[in-house]
>>> print(open('input_30.txt').read())   # compact mmCIF, C-alpha atoms
# COMPACT_ATOMS: atom_id res chain seq x y z
CA MET Z 1 176.10 162.55 21.79
CA ASP Z 2 179.09 164.06 23.56
CA LYS Z 3 178.41 167.60 24.85
CA LYS Z 4 181.58 168.95 23.24
CA TYR Z 5 180.17 167.97 19.82
CA LEU Z 6 176.58 168.96 20.54
CA ILE Z 7 177.22 172.62 21.45
CA PRO Z 8 178.95 173.64 18.17
CA ILE Z 9 176.38 171.66 16.14
CA LEU Z 10 173.49 173.43 17.87
CA LEU Z 11 175.22 176.79 17.46
CA SER Z 12 175.64 176.18 13.71
CA TYR Z 13 172.02 175.08 13.44
CA VAL Z 14 170.77 178.32 15.03
CA ALA Z 15 173.19 180.43 12.94
CA ILE Z 16 172.07 178.81 9.67
CA LEU Z 17 168.37 179.13 10.55
CA THR Z 18 168.94 182.83 11.26
CA ALA Z 19 170.79 183.20 7.95
CA LEU Z 20 167.94 181.49 6.08
CA TYR Z 21 165.42 183.80 7.72
CA PHE Z 22 167.39 186.86 6.65
CA ALA Z 23 168.10 185.56 3.12
CA PHE Z 24 164.50 184.62 2.34
CA LEU Z 25 162.30 186.83 4.49
CA TYR Z 26 164.24 189.92 5.56
CA ALA Z 27 166.26 190.80 2.45
CA PRO Z 28 164.28 192.65 -0.24
CA THR Z 29 163.86 191.16 -3.71
CA GLU Z 30 166.42 192.54 -6.13
CA ARG Z 31 164.81 194.77 -8.79
CA THR Z 32 166.34 193.37 -12.01
CA MET Z 33 167.28 189.77 -11.17
CA GLY Z 34 164.35 188.92 -8.90
CA ASP Z 35 164.40 186.09 -6.37
CA VAL Z 36 167.27 184.21 -8.00
CA GLN Z 37 169.60 186.89 -6.60
CA ARG Z 38 169.05 185.30 -3.15
CA ILE Z 39 171.61 182.68 -4.21
CA PHE Z 40 174.12 185.47 -3.52
CA TYR Z 41 173.58 185.20 0.28
CA PHE Z 42 174.96 181.65 0.35
CA HIS Z 43 177.18 181.77 -2.75
CA VAL Z 44 179.41 184.56 -1.41
CA PRO Z 45 179.73 183.10 2.14
CA SER Z 46 180.65 179.71 0.59
CA ALA Z 47 183.45 181.44 -1.33
CA TRP Z 48 184.55 183.22 1.87
CA VAL Z 49 184.62 179.91 3.81
CA SER Z 50 186.66 178.21 1.07
CA PHE Z 51 189.21 181.08 1.17
CA LEU Z 52 189.33 180.86 4.97
CA ALA Z 53 189.75 177.08 4.82
CA PHE Z 54 192.65 177.33 2.35
CA PHE Z 55 194.22 180.02 4.53
CA VAL Z 56 194.06 177.58 7.48
CA VAL Z 57 195.65 174.92 5.23
CA CYS Z 58 198.48 177.34 4.44
CA ILE Z 59 199.11 178.33 8.09
CA ALA Z 60 198.81 174.74 9.39
CA SER Z 61 201.15 173.52 6.63
CA ILE Z 62 203.77 176.12 7.57
CA ALA Z 63 203.42 175.10 11.23
CA PHE Z 64 203.74 171.42 10.27
CA LEU Z 65 206.92 172.02 8.25
CA ARG Z 66 208.40 174.00 11.15
CA THR Z 67 207.44 171.69 14.03
CA GLY Z 68 206.77 168.31 12.40
CA LYS Z 69 203.76 167.85 14.71
CA GLU Z 70 201.17 165.50 13.27
CA SER Z 71 198.26 167.54 14.67
CA TRP Z 72 199.12 170.43 12.28
CA ASP Z 73 199.04 168.04 9.36
CA ILE Z 74 195.63 166.71 10.46
CA LEU Z 75 194.35 170.29 10.76
CA ALA Z 76 195.60 171.14 7.26
CA ALA Z 77 194.04 168.01 5.73
CA SER Z 78 190.73 168.64 7.54
CA SER Z 79 190.59 172.25 6.42
CA ALA Z 80 191.46 171.34 2.82
CA GLU Z 81 188.57 168.88 2.71
CA ILE Z 82 186.13 171.53 3.95
CA GLY Z 83 187.61 174.10 1.56
CA VAL Z 84 187.01 171.73 -1.36
CA LEU Z 85 183.43 171.15 -0.17
CA PHE Z 86 182.69 174.90 -0.15
CA ILE Z 87 184.49 175.76 -3.39
CA THR Z 88 182.45 172.94 -4.99
CA ILE Z 89 179.31 174.63 -3.64
CA VAL Z 90 180.52 177.93 -5.16
CA LEU Z 91 181.11 176.26 -8.53
CA LEU Z 92 177.66 174.63 -8.46
CA THR Z 93 175.58 177.55 -7.19
CA GLY Z 94 177.31 180.10 -9.47
CA PRO Z 95 175.96 178.51 -12.69
CA MET Z 96 172.46 178.33 -11.13
CA TRP Z 97 172.62 182.10 -10.71
CA ALA Z 98 174.39 182.68 -14.05
CA LYS Z 99 171.91 180.85 -16.28
CA PRO Z 100 168.88 183.12 -15.72
CA VAL Z 101 171.03 186.27 -15.51
CA TRP Z 102 173.77 185.72 -18.17
CA ASN Z 103 171.82 183.16 -20.19
CA THR Z 104 174.66 180.65 -19.83
CA PHE Z 105 175.69 178.24 -17.08
CA TRP Z 106 179.40 178.77 -17.57
CA THR Z 107 181.82 181.11 -19.29
CA TRP Z 108 185.64 181.03 -19.14
CA ASP Z 109 185.87 184.47 -17.56
CA ALA Z 110 188.68 185.37 -15.15
CA ARG Z 111 186.79 184.86 -11.87
CA LEU Z 112 185.22 181.57 -12.92
CA THR Z 113 188.42 180.20 -14.43
CA THR Z 114 190.62 181.08 -11.42
CA SER Z 115 187.98 179.58 -9.07
CA PHE Z 116 187.93 176.40 -11.14
CA ILE Z 117 191.75 176.26 -10.97
CA LEU Z 118 191.55 176.69 -7.18
CA TRP Z 119 189.17 173.71 -7.03
CA LEU Z 120 191.57 171.63 -9.16
CA ILE Z 121 194.56 172.59 -6.96
CA TYR Z 122 192.93 171.37 -3.76
CA ILE Z 123 191.43 168.27 -5.40
CA ALA Z 124 195.04 167.48 -6.42
CA TYR Z 125 196.13 168.21 -2.82
CA LEU Z 126 193.63 165.65 -1.46
CA MET Z 127 194.62 163.12 -4.14
CA LEU Z 128 198.30 163.59 -3.30
CA ARG Z 129 197.54 162.85 0.36
CA SER Z 130 195.72 159.65 -0.41
CA TYR Z 131 198.09 158.30 -3.09
CA VAL Z 132 201.46 158.69 -1.36
CA HIS Z 133 202.03 155.54 0.68
CA ASP Z 134 204.78 156.89 2.94
CA LYS Z 135 202.56 158.91 5.31
CA GLU Z 136 205.28 161.23 6.60
CA ARG Z 137 206.64 162.01 3.13
CA GLY Z 138 203.10 162.50 1.83
CA ALA Z 139 202.36 164.95 4.63
CA ARG Z 140 205.47 166.99 3.78
CA PHE Z 141 204.66 167.03 0.04
CA ALA Z 142 201.08 168.03 0.82
CA ALA Z 143 202.24 170.82 3.14
CA VAL Z 144 204.39 172.36 0.40
CA PHE Z 145 201.54 171.92 -2.10
CA GLY Z 146 199.06 173.49 0.35
CA ILE Z 147 201.25 176.57 0.81
CA ILE Z 148 201.89 177.08 -2.93
CA GLY Z 149 198.24 176.35 -3.77
CA PHE Z 150 197.11 179.19 -1.52
CA LEU Z 151 198.73 181.64 -3.98
CA ASP Z 152 195.66 181.22 -6.18
CA VAL Z 153 193.32 182.59 -3.48
CA PRO Z 154 194.39 186.28 -3.81
CA ILE Z 155 194.31 185.86 -7.61
CA VAL Z 156 190.69 184.62 -7.43
CA TYR Z 157 189.80 187.49 -5.09
CA MET Z 158 191.48 190.17 -7.22
CA SER Z 159 190.43 188.74 -10.61
CA ILE Z 160 187.31 190.93 -10.85
CA ARG Z 161 189.45 193.98 -10.12
CA TRP Z 162 192.35 193.11 -12.42
CA TRP Z 163 190.45 191.91 -15.48
CA ARG Z 164 187.20 192.91 -17.14
CA THR Z 165 184.82 190.04 -16.47
CA LEU Z 166 181.17 189.04 -16.74
CA HIS Z 167 181.15 188.37 -13.01
CA PRO Z 168 179.58 191.19 -10.93
CA ALA Z 169 181.97 193.83 -9.59
CA PRO Z 170 182.84 193.71 -5.87
CA VAL Z 171 179.95 194.86 -3.68
CA MET Z 172 182.28 195.85 -0.86
CA GLY Z 173 185.34 197.98 -1.49
CA GLY Z 174 184.45 198.28 -5.15
CA LYS Z 175 184.26 201.30 -7.44
CA GLN Z 176 182.09 204.35 -6.76
CA GLY Z 177 178.43 203.52 -7.28
CA SER Z 178 178.87 199.86 -6.36
CA GLY Z 179 177.45 198.57 -3.11
CA LEU Z 180 174.40 197.01 -1.55
CA ALA Z 181 171.16 198.26 -0.01
CA PRO Z 182 171.53 198.33 3.82
CA GLU Z 183 169.13 195.37 4.32
CA MET Z 184 171.04 193.32 1.74
CA LEU Z 185 174.37 194.21 3.31
CA MET Z 186 173.12 193.22 6.75
CA THR Z 187 171.82 189.89 5.38
CA LEU Z 188 175.15 189.24 3.71
CA MET Z 189 176.99 189.97 6.98
CA ILE Z 190 174.73 187.60 8.92
CA CYS Z 191 175.19 184.87 6.30
CA LEU Z 192 178.98 185.38 6.39
CA GLY Z 193 178.90 185.01 10.19
CA ALA Z 194 176.67 181.92 10.04
CA PHE Z 195 178.90 180.23 7.46
CA THR Z 196 181.98 181.03 9.55
CA VAL Z 197 180.33 179.32 12.55
CA LEU Z 198 179.44 176.36 10.30
CA PHE Z 199 183.04 176.21 9.07
CA ALA Z 200 184.40 176.21 12.64
CA THR Z 201 182.02 173.38 13.58
CA LEU Z 202 182.87 171.26 10.53
CA LEU Z 203 186.58 171.85 11.07
CA PHE Z 204 186.30 170.87 14.74
CA LEU Z 205 184.41 167.66 13.90
CA ARG Z 206 186.72 166.73 11.01
CA TYR Z 207 189.85 167.48 13.06
CA LYS Z 208 188.59 165.32 15.94
CA THR Z 209 187.87 162.50 13.47
CA GLY Z 210 191.41 162.84 12.12
CA MET Z 211 192.88 162.69 15.63
CA VAL Z 212 190.81 159.58 16.48
CA ALA Z 213 191.93 157.95 13.20
CA THR Z 214 195.58 158.63 14.11
CA GLU Z 215 195.08 157.14 17.57
CA PHE Z 216 193.48 154.11 15.92
CA GLU Z 217 196.45 153.62 13.59
CA ARG Z 218 198.88 153.98 16.51
CA LEU Z 219 197.02 151.40 18.60
CA LYS Z 220 196.80 149.00 15.65
CA ASN Z 221 200.54 149.26 14.98
CA LYS Z 222 201.30 148.78 18.69
CA ILE Z 223 199.24 145.60 18.83
CA HIS Z 224 200.64 144.17 15.59
CA SER Z 225 204.29 144.86 16.56
CA MET X 1 162.95 177.05 -15.98
CA SER X 2 161.78 179.84 -13.70
CA ASN X 3 164.03 181.90 -11.42
CA LEU X 4 162.61 180.10 -8.38
CA THR X 5 163.58 176.71 -9.80
CA TYR X 6 167.21 177.84 -10.12
CA LEU X 7 167.06 179.22 -6.60
CA PHE X 8 165.67 175.95 -5.31
CA ILE X 9 168.31 173.85 -7.14
CA ALA X 10 171.12 176.06 -5.81
CA TYR X 11 169.93 175.75 -2.19
CA ALA X 12 169.34 172.02 -2.64
CA PHE X 13 172.98 171.65 -3.81
CA ILE X 14 174.25 173.52 -0.75
CA TRP X 15 172.33 171.57 1.87
CA THR X 16 172.76 168.18 0.20
CA ALA X 17 176.53 168.69 -0.02
CA ILE X 18 176.84 169.82 3.62
CA PHE X 19 174.51 167.09 4.86
CA LEU X 20 176.42 164.35 2.99
CA TYR X 21 179.71 165.67 4.32
CA LEU X 22 178.42 165.70 7.91
CA LEU X 23 177.05 162.18 7.45
CA ASN X 24 180.44 161.07 6.16
CA ILE X 25 182.27 162.56 9.17
CA GLY X 26 179.75 161.01 11.57
CA LYS X 27 180.15 157.58 9.97
CA LYS X 28 183.96 157.79 10.05
CA LEU X 29 183.97 158.93 13.68
CA SER X 30 181.64 156.22 14.94
CA PHE X 31 183.54 153.55 12.94
CA MET X 32 186.85 154.67 14.46
CA GLN X 33 185.49 154.83 17.99
CA ARG X 34 184.05 151.31 17.64
CA GLU X 35 187.32 149.96 16.25
CA ILE X 36 189.38 151.60 19.02
CA LYS X 37 187.09 150.09 21.63
CA LEU X 38 187.50 146.65 20.03
CA LEU X 39 191.27 147.04 19.81
CA LYS X 40 191.48 148.12 23.45
CA GLU X 41 189.38 145.15 24.55
CA ASN X 42 191.53 142.77 22.48
CA SER X 43 194.76 144.21 23.84
CA HIS X 44 193.47 143.85 27.45
CA LYS X 45 192.51 140.25 26.74
CA SER X 46 195.94 139.40 25.32
CA GLU X 47 197.61 141.09 28.32
CA ASP X 48 195.54 138.89 30.66
CA PHE X 49 196.89 135.77 28.95
>>> encode(input="input_30.txt", output="structure tokens")
Amino acid sequence: MDKKYLIPILLSYVAILTALYFAFLYAPTERTMGDVQRIFYFHVPSAWVSFLAFFVVCIASIAFLRTGKESWDILAASSAEIGVLFITIVLLTGPMWAKPVWNTFWTWDARLTTSFILWLIYIAYLMLRSYVHDKERGARFAAVFGIIGFLDVPIVYMSIRWWRTLHPAPVMGGKQGSGLAPEMLMTLMICLGAFTVLFATLLFLRYKTGMVATEFERLKNKIHS
Amino acid sequence: MSNLTYLFIAYAFIWTAIFLYLLNIGKKLSFMQREIKLLKENSHKSEDF
């Protein structure tokens, strides 16, 4: 394998192994929820990565609309795909945590509903990209959609502050009395870092694939014309 | 189901999803690289004629 691909993959591997060590061996067991609370260490970083990915979509889409450079469009599409992957993980791991704690897999509370809407928005974004035949027009539509779709991210983030919900209150920057034990906080920070490294690696690989696919299309058109 | 079963299912979801995505990228990338190589070879051949 090419060295430029191997280094980020190895880095992600080490980061995730470290995160797993902290989540399962270092962090103490939560007193009321027990071991199932350990879902938190990968559920929250997955949400963070999806927000980051949609932020990249928004910035890359703005850059694409301003410059018209195809590479920005490829970056936006790559990031959207990864964002959808991680928000799907959030929507699947959340119910696994909710069932033993809330006694239900799903409830239409503000945080869950806005997260589900976010998932639908970016699924629609990916569908829009694949269904519009005129590639350039599709890219412009998707860019506008990607920018507007990002508006849901702050709503998802603020939902547990704005509305009374079943979802736990924020553990950082929340009300007085909220917060985490120092070992739990450190584990969360390490998991956030590891998932950010994983995101960067996936984005790099997906972006490179997109660039190669574009080169392929260009070559094919050149030969056929 | 016990708490540990839910924990296991959640982590299984995470790693299966990421693994499948990586596999998908890898497949796409190697397919594209192979096709580009073939196209380049074909274009060189047609230039020779």
>>> interface_residues(input="input_30.txt", of="chain X", to="chain Z", cutoff="6 Å", atoms="all atoms listed in the file", output="VMD selection string")
chain X and resid 3 6 to 7 10 14 29 36
>>> write_last_selection(input="input_30.txt", atoms="C-alpha atoms", output="CSV table (one decimal), in the frame of the given file")
chain,number,residue,atom,x,y,z
X,3,ASN,CA,164.0,181.9,-11.4
X,6,TYR,CA,167.2,177.8,-10.1
X,7,LEU,CA,167.1,179.2,-6.6
X,10,ALA,CA,171.1,176.1,-5.8
X,14,ILE,CA,174.2,173.5,-0.8
X,29,LEU,CA,184.0,158.9,13.7
X,36,ILE,CA,189.4,151.6,19.0
>>> atom_distance(input="input_30.txt", atom1="atom CA of Z:Ile123", atom2="atom CA of Z:Val44")
20.6 Å
>>> closest_residue(input="input_30.txt", among="Z:Leu192, Z:Ala27, Z:Met158, Z:Ile74", to="Z:Glu136", atoms="all atoms listed in the file")
Z:Ile74
>>> atom_distance(input="input_30.txt", atom1="atom CA of X:Ile9", atom2="atom CA of Z:Met127")
28.6 Å
>>> residues_around(input="input_30.txt", residues="Z:Glu183", least_positions_apart="3", cutoff="12 Å", atoms="only C-alpha atoms", output="number ranges by chain")
Z: 22-30, 41, 179-180, 186-190
>>> write_last_selection(input="input_30.txt", atoms="C-alpha atoms", output="CSV table (one decimal), in the coordinates of the input")
chain,number,residue,atom,x,y,z
Z,22,PHE,CA,167.4,186.9,6.6
Z,23,ALA,CA,168.1,185.6,3.1
Z,24,PHE,CA,164.5,184.6,2.3
Z,25,LEU,CA,162.3,186.8,4.5
Z,26,TYR,CA,164.2,189.9,5.6
Z,27,ALA,CA,166.3,190.8,2.4
Z,28,PRO,CA,164.3,192.6,-0.2
Z,29,THR,CA,163.9,191.2,-3.7
Z,30,GLU,CA,166.4,192.5,-6.1
Z,41,TYR,CA,173.6,185.2,0.3
Z,179,GLY,CA,177.4,198.6,-3.1
Z,180,LEU,CA,174.4,197.0,-1.6
Z,186,MET,CA,173.1,193.2,6.8
Z,187,THR,CA,171.8,189.9,5.4
Z,188,LEU,CA,175.2,189.2,3.7
Z,189,MET,CA,177.0,190.0,7.0
Z,190,ILE,CA,174.7,187.6,8.9
>>> residues_around(input="input_30.txt", residues="stretch 114-117 of chain Z", least_positions_apart="4", cutoff="10 Å", atoms="all atoms listed in the file", output="PyMOL selection string")
chain Z and resi 47+87-88+90-91+108-110+121-123+149+152-157+159
>>> write_last_selection(input="input_30.txt", atoms="C-alpha atoms", output="short mmCIF file (atom, residue, chain, number, x, y, z; two decimals), in the frame of the given file")
data_model
loop_
_atom_site.label_atom_id
_atom_site.label_comp_id
_atom_site.auth_asym_id
_atom_site.auth_seq_id
_atom_site.Cartn_x
_atom_site.Cartn_y
_atom_site.Cartn_z
CA ALA Z 47 183.45 181.44 -1.33
CA ILE Z 87 184.49 175.76 -3.39
CA THR Z 88 182.45 172.94 -4.99
CA VAL Z 90 180.52 177.93 -5.16
CA LEU Z 91 181.11 176.26 -8.53
CA TRP Z 108 185.64 181.03 -19.14
CA ASP Z 109 185.87 184.47 -17.56
CA ALA Z 110 188.68 185.37 -15.15
CA ILE Z 121 194.56 172.59 -6.96
CA TYR Z 122 192.93 171.37 -3.76
CA ILE Z 123 191.43 168.27 -5.40
CA GLY Z 149 198.24 176.35 -3.77
CA ASP Z 152 195.66 181.22 -6.18
CA VAL Z 153 193.32 182.59 -3.48
CA PRO Z 154 194.39 186.28 -3.81
CA ILE Z 155 194.31 185.86 -7.61
CA VAL Z 156 190.69 184.62 -7.43
CA TYR Z 157 189.80 187.49 -5.09
CA SER Z 159 190.43 188.74 -10.61
#
>>> atom_distance(input="input_30.txt", atom1="atom CA of X:Lys27", atom2="atom CA of Z:Ser71")
21.2 Å
